[in-house]
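Chemist: Structure file upload.cif (mmCIF, C-alpha atoms) right here:
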```cif
data_target
loop_
_atom_site.group_PDB
_atom_site.id
_atom_site.type_symbol
_atom_site.label_atom_id
_atom_site.label_comp_id
_atom_site.auth_asym_id
_atom_site.auth_seq_id
_atom_site.Cartn_x
_atom_site.Cartn_y
_atom_site.Cartn_z
ATOM 1 C CA MET A 940 0.000 0.000 0.000
ATOM 2 C CA SER A 941 2.997 2.281 0.459
ATOM 3 C CA THR A 942 3.728 3.031 -3.169
ATOM 4 C CA THR A 943 0.879 5.255 -4.284
ATOM 5 C CA HIS A 944 -1.294 6.409 -1.374
ATOM 6 C CA ASP A 945 1.118 8.138 0.974
ATOM 7 C CA ASP A 946 -1.113 10.950 2.148
ATOM 8 C CA GLY A 947 -4.187 11.279 4.220
ATOM 9 C CA PRO A 948 -5.557 9.848 7.447
ATOM 10 C CA LEU A 949 -6.822 6.679 5.764
ATOM 11 C CA ALA A 950 -3.370 5.850 4.393
ATOM 12 C CA ALA A 951 -1.890 6.457 7.831
ATOM 13 C CA ARG A 952 -4.436 4.116 9.384
ATOM 14 C CA VAL A 953 -3.727 1.418 6.781
ATOM 15 C CA ARG A 954 0.019 1.696 7.417
ATOM 16 C CA HIS A 955 -0.608 1.433 11.162
ATOM 17 C CA VAL A 956 -2.735 -1.711 10.793
ATOM 18 C CA GLU A 957 -0.202 -3.174 8.358
ATOM 19 C CA ALA A 958 2.603 -2.526 10.872
ATOM 20 C CA LEU A 959 0.614 -4.169 13.677
ATOM 21 C CA LEU A 960 -0.070 -7.232 11.537
ATOM 22 C CA GLU A 961 3.610 -7.496 10.644
ATOM 23 C CA GLU A 962 4.627 -7.037 14.285
ATOM 24 C CA ARG A 963 2.411 -9.954 15.301
ATOM 25 C CA GLY A 964 3.776 -12.084 12.503
ATOM 26 C CA TRP A 965 0.446 -12.396 10.721
ATOM 27 C CA LEU A 966 1.751 -10.642 7.659
ATOM 28 C CA ALA A 967 5.222 -10.986 6.166
ATOM 29 C CA ASP A 968 7.116 -7.776 5.499
ATOM 30 C CA GLY A 969 5.913 -6.381 2.157
ATOM 31 C CA GLU A 970 3.427 -9.202 1.648
ATOM 32 C CA LEU A 971 0.535 -6.816 1.097
ATOM 33 C CA ASP A 972 2.301 -4.979 -1.733
ATOM 34 C CA ALA A 973 3.157 -8.280 -3.401
ATOM 35 C CA ARG A 974 -0.431 -9.483 -3.132
ATOM 36 C CA ILE A 975 -1.813 -6.253 -4.537
ATOM 37 C CA ASP A 976 0.719 -6.219 -7.367
ATOM 38 C CA ALA A 977 -0.187 -9.800 -8.265
ATOM 39 C CA PHE A 978 -3.885 -8.938 -8.193
ATOM 40 C CA ALA A 979 -3.479 -5.937 -10.473
ATOM 41 C CA ALA A 980 -0.819 -7.433 -12.757
ATOM 42 C CA GLY A 981 -3.143 -8.790 -15.437
ATOM 43 C CA GLY A 982 -5.605 -5.906 -15.451
ATOM 44 C CA SER A 983 -5.562 -3.207 -18.123
ATOM 45 C CA PRO A 984 -8.042 -1.106 -20.088
ATOM 46 C CA ALA A 985 -6.344 -2.652 -23.135
ATOM 47 C CA ASN A 986 -8.163 -5.890 -22.298
ATOM 48 C CA GLY A 987 -11.498 -4.101 -22.456
ATOM 49 C CA ALA A 988 -10.512 -2.383 -25.709
ATOM 50 C CA ALA A 989 -9.604 -5.740 -27.265
ATOM 51 C CA ILE A 990 -12.948 -7.203 -26.182
ATOM 52 C CA VAL A 991 -14.838 -4.262 -27.676
ATOM 53 C CA ALA A 992 -12.897 -4.346 -30.955
ATOM 54 C CA ARG A 993 -13.610 -8.064 -31.346
ATOM 55 C CA ALA A 994 -17.305 -7.428 -30.684
ATOM 56 C CA TRP A 995 -17.290 -4.743 -33.406
ATOM 57 C CA VAL A 996 -15.764 -6.972 -36.074
ATOM 58 C CA ASP A 997 -17.351 -10.311 -35.126
ATOM 59 C CA PRO A 998 -21.162 -10.314 -34.676
ATOM 60 C CA GLY A 999 -21.069 -13.881 -33.347
ATOM 61 C CA PHE A 1000 -18.620 -12.893 -30.625
ATOM 62 C CA ARG A 1001 -20.723 -9.843 -29.812
ATOM 63 C CA GLU A 1002 -23.742 -12.070 -29.326
ATOM 64 C CA ARG A 1003 -21.819 -14.473 -27.083
ATOM 65 C CA LEU A 1004 -20.332 -11.558 -25.142
ATOM 66 C CA LEU A 1005 -23.709 -10.013 -24.389
ATOM 67 C CA ALA A 1006 -25.182 -13.394 -23.465
ATOM 68 C CA ASP A 1007 -22.333 -14.543 -21.185
ATOM 69 C CA ALA A 1008 -19.339 -12.237 -21.012
ATOM 70 C CA SER A 1009 -17.378 -14.312 -18.466
ATOM 71 C CA THR A 1010 -17.277 -17.240 -20.901
ATOM 72 C CA ALA A 1011 -16.889 -15.201 -24.095
ATOM 73 C CA ILE A 1012 -13.731 -13.374 -22.974
ATOM 74 C CA GLU A 1013 -11.990 -16.741 -22.593
ATOM 75 C CA GLU A 1014 -11.929 -16.803 -26.413
ATOM 76 C CA LEU A 1015 -9.461 -13.904 -26.122
ATOM 77 C CA GLY A 1016 -7.413 -15.672 -23.455
ATOM 78 C CA MET A 1017 -8.886 -13.550 -20.657
ATOM 79 C CA SER A 1018 -10.652 -14.674 -17.527
ATOM 80 C CA MET A 1019 -12.638 -13.304 -14.634
ATOM 81 C CA ALA A 1020 -11.004 -15.961 -12.427
ATOM 82 C CA ALA A 1021 -7.791 -13.930 -12.154
ATOM 83 C CA GLY A 1022 -9.073 -11.836 -9.243
ATOM 84 C CA LEU A 1023 -9.236 -12.605 -5.554
ATOM 85 C CA GLN A 1024 -12.555 -14.317 -6.195
ATOM 86 C CA VAL A 1025 -14.375 -15.278 -9.376
ATOM 87 C CA GLN A 1026 -16.795 -12.523 -10.295
ATOM 88 C CA PRO A 1027 -19.304 -12.737 -13.101
ATOM 89 C CA LEU A 1028 -18.784 -10.217 -15.902
ATOM 90 C CA VAL A 1029 -21.710 -8.628 -17.703
ATOM 91 C CA ALA A 1030 -21.213 -6.599 -20.880
ATOM 92 C CA VAL A 1031 -23.886 -4.109 -21.903
ATOM 93 C CA ALA A 1032 -23.856 -2.632 -25.403
ATOM 94 C CA ASN A 1033 -24.757 0.903 -26.402
ATOM 95 C CA THR A 1034 -27.074 1.309 -29.370
ATOM 96 C CA ALA A 1035 -28.573 4.238 -31.245
ATOM 97 C CA ASP A 1036 -31.464 4.219 -28.736
ATOM 98 C CA GLU A 1037 -29.847 3.150 -25.479
ATOM 99 C CA HIS A 1038 -26.795 4.327 -23.563
ATOM 100 C CA HIS A 1039 -25.343 2.472 -20.593
ATOM 101 C CA VAL A 1040 -23.226 3.813 -17.753
ATOM 102 C CA VAL A 1041 -21.701 1.932 -14.819
ATOM 103 C CA VAL A 1042 -21.261 2.950 -11.187
ATOM 104 C CA CYS A 1043 -20.881 1.378 -7.766
ATOM 105 C CA THR A 1044 -22.893 3.606 -5.440
ATOM 106 C CA LEU A 1045 -21.898 1.661 -2.315
ATOM 107 C CA CYS A 1046 -18.123 1.627 -2.739
ATOM 108 C CA SER A 1047 -16.036 1.291 -5.887
ATOM 109 C CA CYS A 1048 -16.703 -2.171 -7.393
ATOM 110 C CA TYR A 1049 -14.969 -2.420 -10.756
ATOM 111 C CA PRO A 1050 -13.512 -5.313 -12.809
ATOM 112 C CA VAL A 1051 -9.979 -4.489 -11.590
ATOM 113 C CA ALA A 1052 -8.406 -7.834 -12.464
ATOM 114 C CA LEU A 1053 -9.635 -7.449 -16.053
ATOM 115 C CA LEU A 1054 -9.508 -3.688 -16.699
ATOM 116 C CA GLY A 1055 -6.927 -2.500 -14.167
ATOM 117 C CA PRO A 1056 -7.571 0.104 -11.471
ATOM 118 C CA SER A 1057 -10.622 2.322 -11.832
ATOM 119 C CA PRO A 1058 -10.202 6.049 -12.424
ATOM 120 C CA THR A 1059 -10.146 8.260 -9.319
ATOM 121 C CA TRP A 1060 -13.395 10.009 -10.248
ATOM 122 C CA TYR A 1061 -15.167 6.621 -10.377
ATOM 123 C CA LYS A 1062 -14.563 6.333 -6.633
ATOM 124 C CA SER A 1063 -15.603 9.900 -5.842
ATOM 125 C CA GLU A 1064 -18.744 10.489 -3.834
ATOM 126 C CA ALA A 1065 -19.863 13.085 -6.370
ATOM 127 C CA TYR A 1066 -19.878 10.622 -9.281
ATOM 128 C CA ARG A 1067 -21.354 7.780 -7.237
ATOM 129 C CA SER A 1068 -24.217 9.786 -5.823
ATOM 130 C CA ARG A 1069 -25.043 11.904 -8.862
ATOM 131 C CA VAL A 1070 -24.858 9.531 -11.815
ATOM 132 C CA VAL A 1071 -27.809 7.417 -10.639
ATOM 133 C CA ARG A 1072 -29.953 10.509 -10.177
ATOM 134 C CA ASP A 1073 -28.910 12.690 -13.107
ATOM 135 C CA PRO A 1074 -26.895 10.632 -15.586
ATOM 136 C CA ARG A 1075 -27.587 12.992 -18.459
ATOM 137 C CA GLY A 1076 -26.200 15.932 -16.517
ATOM 138 C CA VAL A 1077 -23.151 14.002 -15.329
ATOM 139 C CA LEU A 1078 -22.403 12.728 -18.839
ATOM 140 C CA ARG A 1079 -22.678 16.294 -20.141
ATOM 141 C CA GLU A 1080 -19.991 17.314 -17.637
ATOM 142 C CA PHE A 1081 -17.815 14.554 -19.111
ATOM 143 C CA GLY A 1082 -18.379 16.151 -22.513
ATOM 144 C CA LEU A 1083 -20.846 13.541 -23.700
ATOM 145 C CA GLU A 1084 -24.052 15.138 -24.943
ATOM 146 C CA LEU A 1085 -26.615 12.458 -25.745
ATOM 147 C CA PRO A 1086 -29.529 13.115 -28.091
ATOM 148 C CA ASP A 1087 -32.840 13.565 -26.242
ATOM 149 C CA ALA A 1088 -34.238 10.363 -27.713
ATOM 150 C CA VAL A 1089 -31.496 8.166 -26.266
ATOM 151 C CA HIS A 1090 -32.654 6.293 -23.163
ATOM 152 C CA ILE A 1091 -30.103 5.885 -20.380
ATOM 153 C CA THR A 1092 -29.640 2.852 -18.149
ATOM 154 C CA VAL A 1093 -27.373 3.163 -15.121
ATOM 155 C CA TRP A 1094 -25.931 -0.104 -13.772
ATOM 156 C CA ASP A 1095 -25.187 -0.074 -10.052
ATOM 157 C CA ALA A 1096 -22.559 -2.758 -9.372
ATOM 158 C CA SER A 1097 -23.928 -3.190 -5.872
ATOM 159 C CA ALA A 1098 -23.284 -6.933 -5.462
ATOM 160 C CA GLU A 1099 -21.172 -9.587 -7.171
ATOM 161 C CA THR A 1100 -21.269 -8.803 -10.881
ATOM 162 C CA ARG A 1101 -18.788 -6.518 -12.581
ATOM 163 C CA TYR A 1102 -19.879 -4.546 -15.629
ATOM 164 C CA MET A 1103 -18.319 -3.179 -18.776
ATOM 165 C CA VAL A 1104 -19.885 -1.110 -21.538
ATOM 166 C CA VAL A 1105 -19.468 -1.957 -25.217
ATOM 167 C CA PRO A 1106 -19.511 1.461 -26.927
ATOM 168 C CA ARG A 1107 -20.944 1.982 -30.425
ATOM 169 C CA ARG A 1108 -18.476 1.606 -33.240
ATOM 170 C CA PRO A 1109 -17.700 5.083 -34.569
ATOM 171 C CA GLU A 1110 -18.735 6.034 -38.102
ATOM 172 C CA GLY A 1111 -16.090 5.901 -40.796
ATOM 173 C CA THR A 1112 -14.054 3.116 -39.230
ATOM 174 C CA ASP A 1113 -14.847 0.429 -41.797
ATOM 175 C CA ASP A 1114 -11.267 0.318 -43.054
ATOM 176 C CA LEU A 1115 -9.614 -0.043 -39.667
ATOM 177 C CA SER A 1116 -8.115 -3.305 -38.470
ATOM 178 C CA GLU A 1117 -9.262 -4.919 -35.245
ATOM 179 C CA GLN A 1118 -6.096 -3.691 -33.567
ATOM 180 C CA GLU A 1119 -6.622 -0.135 -34.819
ATOM 181 C CA LEU A 1120 -10.216 -0.252 -33.617
ATOM 182 C CA ALA A 1121 -9.039 -1.307 -30.155
ATOM 183 C CA GLY A 1122 -6.877 1.814 -30.117
ATOM 184 C CA LEU A 1123 -10.020 3.968 -30.290
ATOM 185 C CA VAL A 1124 -11.531 2.587 -27.089
ATOM 186 C CA THR A 1125 -10.922 4.506 -23.860
ATOM 187 C CA ARG A 1126 -11.358 3.571 -20.220
ATOM 188 C CA LYS A 1127 -14.186 6.105 -19.988
ATOM 189 C CA GLY A 1128 -15.834 4.421 -22.948
ATOM 190 C CA LEU A 1129 -15.745 1.121 -21.050
ATOM 191 C CA ILE A 1130 -17.557 2.766 -18.118
ATOM 192 C CA GLY A 1131 -19.968 4.721 -20.301
ATOM 193 C CA THR A 1132 -18.814 8.267 -19.559
ATOM 194 C CA ALA A 1133 -17.448 8.699 -23.089
ATOM 195 C CA ALA A 1134 -18.906 7.726 -26.468
ATOM 196 C CA VAL A 1135 -15.977 5.399 -27.232
ATOM 197 C CA MET B 852 -33.796 -24.417 -2.443
ATOM 198 C CA ALA B 853 -35.837 -22.859 -5.209
ATOM 199 C CA ASP B 854 -35.315 -19.170 -5.945
ATOM 200 C CA ARG B 855 -38.108 -16.991 -4.612
ATOM 201 C CA PHE B 856 -38.152 -14.786 -7.690
ATOM 202 C CA ALA B 857 -37.555 -15.005 -11.410
ATOM 203 C CA PRO B 858 -36.970 -12.522 -14.233
ATOM 204 C CA GLY B 859 -40.192 -10.695 -15.082
ATOM 205 C CA ASP B 860 -41.366 -10.569 -11.459
ATOM 206 C CA ARG B 861 -42.358 -7.233 -9.965
ATOM 207 C CA VAL B 862 -40.786 -6.785 -6.556
ATOM 208 C CA ARG B 863 -40.564 -4.197 -3.820
ATOM 209 C CA THR B 864 -37.362 -3.593 -1.881
ATOM 210 C CA ARG B 865 -37.385 -3.689 1.892
ATOM 211 C CA THR B 866 -37.362 -0.502 3.922
ATOM 212 C CA ALA B 867 -35.527 -1.721 7.030
ATOM 213 C CA ASP B 868 -32.218 -0.045 7.840
ATOM 214 C CA PRO B 869 -30.126 -2.848 9.350
ATOM 215 C CA PRO B 870 -27.631 -2.023 12.102
ATOM 216 C CA GLY B 871 -24.673 -3.532 10.235
ATOM 217 C CA HIS B 872 -23.298 -3.776 6.711
ATOM 218 C CA THR B 873 -25.813 -4.222 3.925
ATOM 219 C CA ARG B 874 -25.731 -3.905 0.159
ATOM 220 C CA LEU B 875 -29.208 -2.568 -0.413
ATOM 221 C CA PRO B 876 -28.467 1.062 -1.294
ATOM 222 C CA ARG B 877 -30.498 3.592 0.673
ATOM 223 C CA TYR B 878 -31.825 5.258 -2.472
ATOM 224 C CA ALA B 879 -33.358 1.953 -3.566
ATOM 225 C CA ARG B 880 -35.301 1.075 -0.403
ATOM 226 C CA GLY B 881 -39.060 0.645 -0.387
ATOM 227 C CA VAL B 882 -39.309 0.967 -4.168
ATOM 228 C CA CYS B 883 -40.971 -1.240 -6.787
ATOM 229 C CA GLY B 884 -38.989 -2.568 -9.718
ATOM 230 C CA GLU B 885 -38.798 -5.472 -12.125
ATOM 231 C CA ILE B 886 -36.343 -8.337 -12.094
ATOM 232 C CA VAL B 887 -34.528 -8.304 -15.440
ATOM 233 C CA GLY B 888 -31.821 -10.859 -14.780
ATOM 234 C CA THR B 889 -30.311 -13.226 -12.255
ATOM 235 C CA CYS B 890 -26.602 -13.288 -11.445
ATOM 236 C CA GLY B 891 -26.162 -16.645 -9.766
ATOM 237 C CA ARG B 892 -26.169 -17.448 -6.082
ATOM 238 C CA HIS B 893 -23.897 -15.830 -3.564
ATOM 239 C CA PRO B 894 -23.598 -15.719 0.235
ATOM 240 C CA LEU B 895 -25.354 -12.702 1.720
ATOM 241 C CA ALA B 896 -22.904 -9.828 2.198
ATOM 242 C CA ASP B 897 -24.699 -8.728 5.380
ATOM 243 C CA GLU B 898 -23.977 -12.084 7.029
ATOM 244 C CA LEU B 899 -20.407 -12.384 5.736
ATOM 245 C CA ALA B 900 -19.656 -8.950 7.189
ATOM 246 C CA GLN B 901 -20.597 -10.286 10.626
ATOM 247 C CA GLY B 902 -18.381 -13.331 10.207
ATOM 248 C CA LEU B 903 -21.373 -15.654 9.903
ATOM 249 C CA ASP B 904 -21.706 -18.634 7.629
ATOM 250 C CA SER B 905 -24.003 -17.715 4.796
ATOM 251 C CA ALA B 906 -25.648 -20.024 2.313
ATOM 252 C CA PRO B 907 -25.563 -18.841 -1.296
ATOM 253 C CA ARG B 908 -28.886 -17.448 -2.462
ATOM 254 C CA ALA B 909 -30.088 -15.788 -5.634
ATOM 255 C CA VAL B 910 -28.889 -12.319 -6.560
ATOM 256 C CA HIS B 911 -31.104 -10.480 -9.037
ATOM 257 C CA GLN B 912 -30.738 -7.481 -11.308
ATOM 258 C CA VAL B 913 -33.710 -5.255 -10.516
ATOM 259 C CA ARG B 914 -34.587 -2.421 -12.877
ATOM 260 C CA PHE B 915 -36.146 0.704 -11.408
ATOM 261 C CA ARG B 916 -37.542 3.760 -13.099
ATOM 262 C CA ALA B 917 -35.604 6.796 -11.975
ATOM 263 C CA SER B 918 -38.896 8.601 -11.354
ATOM 264 C CA ASP B 919 -39.829 5.881 -8.841
ATOM 265 C CA LEU B 920 -36.482 6.295 -7.070
ATOM 266 C CA PHE B 921 -36.045 10.044 -7.130
ATOM 267 C CA GLY B 922 -39.342 11.565 -8.250
ATOM 268 C CA PRO B 923 -39.845 13.283 -11.584
ATOM 269 C CA GLY B 924 -36.633 14.831 -12.897
ATOM 270 C CA GLU B 925 -36.387 18.516 -13.608
ATOM 271 C CA ASP B 926 -36.287 17.957 -17.331
ATOM 272 C CA GLY B 927 -39.155 15.461 -17.248
ATOM 273 C CA ARG B 928 -37.034 12.726 -18.817
ATOM 274 C CA ASP B 929 -36.835 9.337 -17.188
ATOM 275 C CA HIS B 930 -34.011 6.836 -17.127
ATOM 276 C CA ALA B 931 -33.531 3.397 -15.633
ATOM 277 C CA VAL B 932 -31.282 2.236 -12.824
ATOM 278 C CA VAL B 933 -30.468 -1.461 -12.529
ATOM 279 C CA VAL B 934 -29.375 -2.500 -9.041
ATOM 280 C CA GLU B 935 -28.099 -5.942 -8.122
ATOM 281 C CA LEU B 936 -29.882 -7.222 -5.038
ATOM 282 C CA TRP B 937 -29.909 -10.375 -2.932
ATOM 283 C CA GLU B 938 -33.348 -11.963 -2.763
ATOM 284 C CA ASP B 939 -33.389 -11.256 0.986
ATOM 285 C CA TYR B 940 -33.845 -7.568 0.156
ATOM 286 C CA LEU B 941 -36.929 -8.213 -1.979
ATOM 287 C CA GLU B 942 -40.608 -8.782 -1.323
ATOM 288 C CA PRO B 943 -43.293 -9.657 -3.852
ATOM 289 C CA THR B 944 -45.472 -6.703 -4.749
ATOM 290 C CA SER B 945 -48.936 -7.327 -3.358
ATOM 291 C CA PRO B 946 -50.588 -9.751 -5.740
ATOM 292 C CA ASP B 947 -54.243 -9.306 -6.604
ATOM 293 C CA PRO B 948 -56.284 -11.016 -3.896
ATOM 294 C CA ALA B 949 -57.768 -14.332 -4.988
ATOM 295 C CA PRO B 950 -61.441 -14.040 -5.869
ATOM 296 C CA GLU B 951 -63.651 -14.937 -2.931
ATOM 297 C CA GLY B 952 -65.406 -18.270 -3.013
ATOM 298 C CA ASP B 953 -62.978 -19.575 -5.610
ATOM 299 C CA PRO B 954 -64.042 -23.224 -5.922
ATOM 300 C CA THR B 955 -60.783 -25.092 -5.579
#
```
Written as structure tokens, how would this file's structure read?
Modeler:
Amino acid sequence: MSTTHDDGPLAARVRHVEALLEERGWLADGELDARIDAFAAGGSPANGAAIVARAWVDPGFRERLLADASTAIEELGMSMAAGLQVQPLVAVANTADEHHVVVCTLCSCYPVALLGPSPTWYKSEAYRSRVVRDPRGVLREFGLELPDAVHITVWDASAETRYMVVPRRPEGTDDLSEQELAGLVTRKGLIGTAAV
Amino acid sequence: MADRFAPGDRVRTRTADPPGHTRLPRYARGVCGEIVGTCGRHPLADELAQGLDSAPRAVHQVRFRASDLFGPGEDGRDHAVVVELWEDYLEPTSPDPAPEGDPT
């Protein structure tokens, strides 16, 4: 825990508890950092981008992804079993009529082992409390203005499932390779706070 | 044990505010919604948080209308919020009473 969160009362409390655990021999020196590093090692937004790009170029994969994402991503050599516990993955796809956005109002649930750490704003109380109530307004603040006719669904990851959004494939990308398409996908797009 | 609810069911969330950890968000208490999916069976977070053994039970995706959760929005447009809830948090919405004198 010592590498990135040095400031603040919470960090101080975590360091204190960590020191007590080490003092009592319940935790080896540096064990926590090693565990966290191992947990986060396989996660990256690039995984999500690769999943999305495959769904854009392969309608069969898209169908399997939306039906059972945990199983479908194994086709790309990825797995939801890499985390501390196996969590089901659900992928929700944006369409011309429907936009999806993901939040965890209770804490900060996010598919970390698949997509890497969540952005700081995802964990902020402002995002968590406001996006369920006024998603259109929050998305506008992110620079995403949705047409009036587009219906919004907010997914609150309040229990076991982890969610990712499959953005719409941008216009004029017919000539791009799957790899180039993956390069268009952002972490915000995977959460639903950006178009792609 | 059979699941108490299935996709398509209308349900109402409980209103109780338990003394310990729970994963029924406050904004979604005492509100009617529709089950749109089921996400397997998992031990109840409330019981795990107290160090108790907890048998896995169904966890459902329940879709609410934002207007039912928060009242009508300022711009009059509605959206949906899907919350994932253990079946313990859910009650059936009052079914229509059976007709009296039903000859069964």
Chemist: In Å, with one decimal, what is the gap from CA of Ala896 in chain B to CA of Leu1045 in chain A?
Modeler: 12.4 Å
Chemist: Which residues come within 12 Å of Cys883 in chain B, counting all atoms listed in the file, excluding same-chain residues fewer than 4 positions away, as a PyMOL selection string?
Modeler: chain B and resi 860-866+879+913-920+932-934+940-945
Chemist: Please enumerate the residues selected by the PyMOL selection byres ((chain A and resi 1037) around 8) when evaluated against the supplied file, formatted as an MDAnalysis selection string.
Modeler: chainID A and resid 1033:1036 1038:1039 1089:1092
Chemist: Have a look at CA of Thr1112 in chain A and CA of Trp995 in chain A and let me know their distance in Å, one decimal.
Modeler: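 We find that CA of Thr1112 in chain A and CA of Trp995 in chain A lie 10.3 Å from each other.
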Chemist: With 6 Å as the cut-off and only C-alpha atoms counted, what is the closest atom pair between each nearby residue of chain A and chain B? Distances in Å to one decimal, ordered by chain and number, as a tab-separated table.
Modeler:
```
residue	atom	partner	partner_atom	distance
A:Ile1091	CA	B:His930	CA	5.2
A:Thr1092	CA	B:Ala931	CA	4.7
A:Val1093	CA	B:Val932	CA	4.6
A:Trp1094	CA	B:Val933	CA	4.9
A:Asp1095	CA	B:Val934	CA	4.9
A:Ser1097	CA	B:Glu935	CA	5.5
A:Ala1098	CA	B:Glu935	CA	5.6
```
Chemist: Determine, counting only C-alpha atoms, which protein, DNA and RNA residues have an atom within 10 Å of an atom of His872 in chain B; residues of the same chain fewer than 3 positions away are not included. Present the result as an mmCIF file with C-alpha atoms, in the coordinates of the input.
Modeler:
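Dumped to part_11.cif:
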```cif
data_model
loop_
_atom_site.group_PDB
_atom_site.id
_atom_site.type_symbol
_atom_site.label_atom_id
_atom_site.label_comp_id
_atom_site.auth_asym_id
_atom_site.auth_seq_id
_atom_site.Cartn_x
_atom_site.Cartn_y
_atom_site.Cartn_z
ATOM 1 C CA ASP B 868 -32.218 -0.045 7.840
ATOM 2 C CA PRO B 869 -30.126 -2.848 9.350
ATOM 3 C CA LEU B 875 -29.208 -2.568 -0.413
ATOM 4 C CA ALA B 896 -22.904 -9.828 2.198
ATOM 5 C CA ASP B 897 -24.699 -8.728 5.380
ATOM 6 C CA GLU B 898 -23.977 -12.084 7.029
ATOM 7 C CA LEU B 899 -20.407 -12.384 5.736
ATOM 8 C CA ALA B 900 -19.656 -8.950 7.189
ATOM 9 C CA GLN B 901 -20.597 -10.286 10.626
#
```
Chemist: Give me the residues within 10 Å of range 1080-1082 of chain A as a VMD selection string, counting only C-alpha atoms and dropping any in the same chain fewer than 2 places off.
Modeler: chain A and resid 1074 to 1078 1084 to 1085 1127 1132 to 1134
Chemist: If you measure from CA of Leu1053 in chain A to CA of Ser905 in chain B, what distance in Å do you get, rounded to one decimal?
Modeler: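 Atom-to-atom, CA of Leu1053 in chain A and CA of Ser905 in chain B are spaced 27.3 Å apart.
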Chemist: Rank A:Pro1106, A:Pro1050, A:Pro998, A:Pro1086 by their smallest atom-to-atom distance to Gly982 in chain A, using all atoms listed in the file, and report the top residue only.
Modeler: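 Of A:Pro1106, A:Pro1050, A:Pro998, A:Pro1086, the one nearest Gly982 in chain A, counting all atoms listed in the file, is A:Pro1050.
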Chemist: Do you know which residues are at most 12 Å from Pro1056 in chain A counting only C-alpha atoms, after dropping those on the same chain fewer than 6 positions away, and could you put them as an NGL selection string?
Modeler: :A and (975-976 or 978-984 or 1047-1050 or 1062 or 1126)
Chemist: When distances are computed from all atoms listed in the file, which of B:Asp904, B:Pro858, B:Ala853, B:Pro923 shows the smallest separation from Val887 in chain B?
Modeler: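 Checking each of B:Asp904, B:Pro858, B:Ala853, B:Pro923 against Val887 in chain B, counting all atoms listed in the file, the winner is B:Pro858.
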Chemist: As a check of understanding, name the residues that the PyMOL selection byres ((chain A and resi 1009) around 12) selects in the supplied structure, as a PyMOL selection string.
Modeler: (chain A and resi 990+1003-1008+1010-1021+1025-1030+1050+1053+1100-1103) or (chain B and resi 890)
Chemist: Around (-9.1, 7.6, -4.4) in the file's frame, which residues reach within 12 Å when counting all atoms listed in the file? Return as a ChimeraX atom specification?
Modeler: /A:943-947,949-950,1046-1047,1056-1064
Chemist: Suppose we keep C-alpha atoms; can you now write the selection as a short mmCIF file (atom, residue, chain, number, x, y, z; two decimals), keeping the file's coordinate frame?
Modeler:
```
data_model
loop_
_atom_site.label_atom_id
_atom_site.label_comp_id
_atom_site.auth_asym_id
_atom_site.auth_seq_id
_atom_site.Cartn_x
_atom_site.Cartn_y
_atom_site.Cartn_z
CA THR A 943 0.88 5.26 -4.28
CA HIS A 944 -1.29 6.41 -1.37
CA ASP A 945 1.12 8.14 0.97
CA ASP A 946 -1.11 10.95 2.15
CA GLY A 947 -4.19 11.28 4.22
CA LEU A 949 -6.82 6.68 5.76
CA ALA A 950 -3.37 5.85 4.39
CA CYS A 1046 -18.12 1.63 -2.74
CA SER A 1047 -16.04 1.29 -5.89
CA PRO A 1056 -7.57 0.10 -11.47
CA SER A 1057 -10.62 2.32 -11.83
CA PRO A 1058 -10.20 6.05 -12.42
CA THR A 1059 -10.15 8.26 -9.32
CA TRP A 1060 -13.40 10.01 -10.25
CA TYR A 1061 -15.17 6.62 -10.38
CA LYS A 1062 -14.56 6.33 -6.63
CA SER A 1063 -15.60 9.90 -5.84
CA GLU A 1064 -18.74 10.49 -3.83
#
```
Chemist: I'd like the box whose edges run along x, y and z of the file and which contains every listed atom of range 1102-1112 of chain A, padded by 3 Å per side; could you state its centre and edge lengths in Å, one decimal, as AutoDock Vina command-line options?
Modeler:
```
--center_x -17.5 --center_y 0.7 --center_z -28.2 --size_x 12.9 --size_y 16.6 --size_z 31.2
```
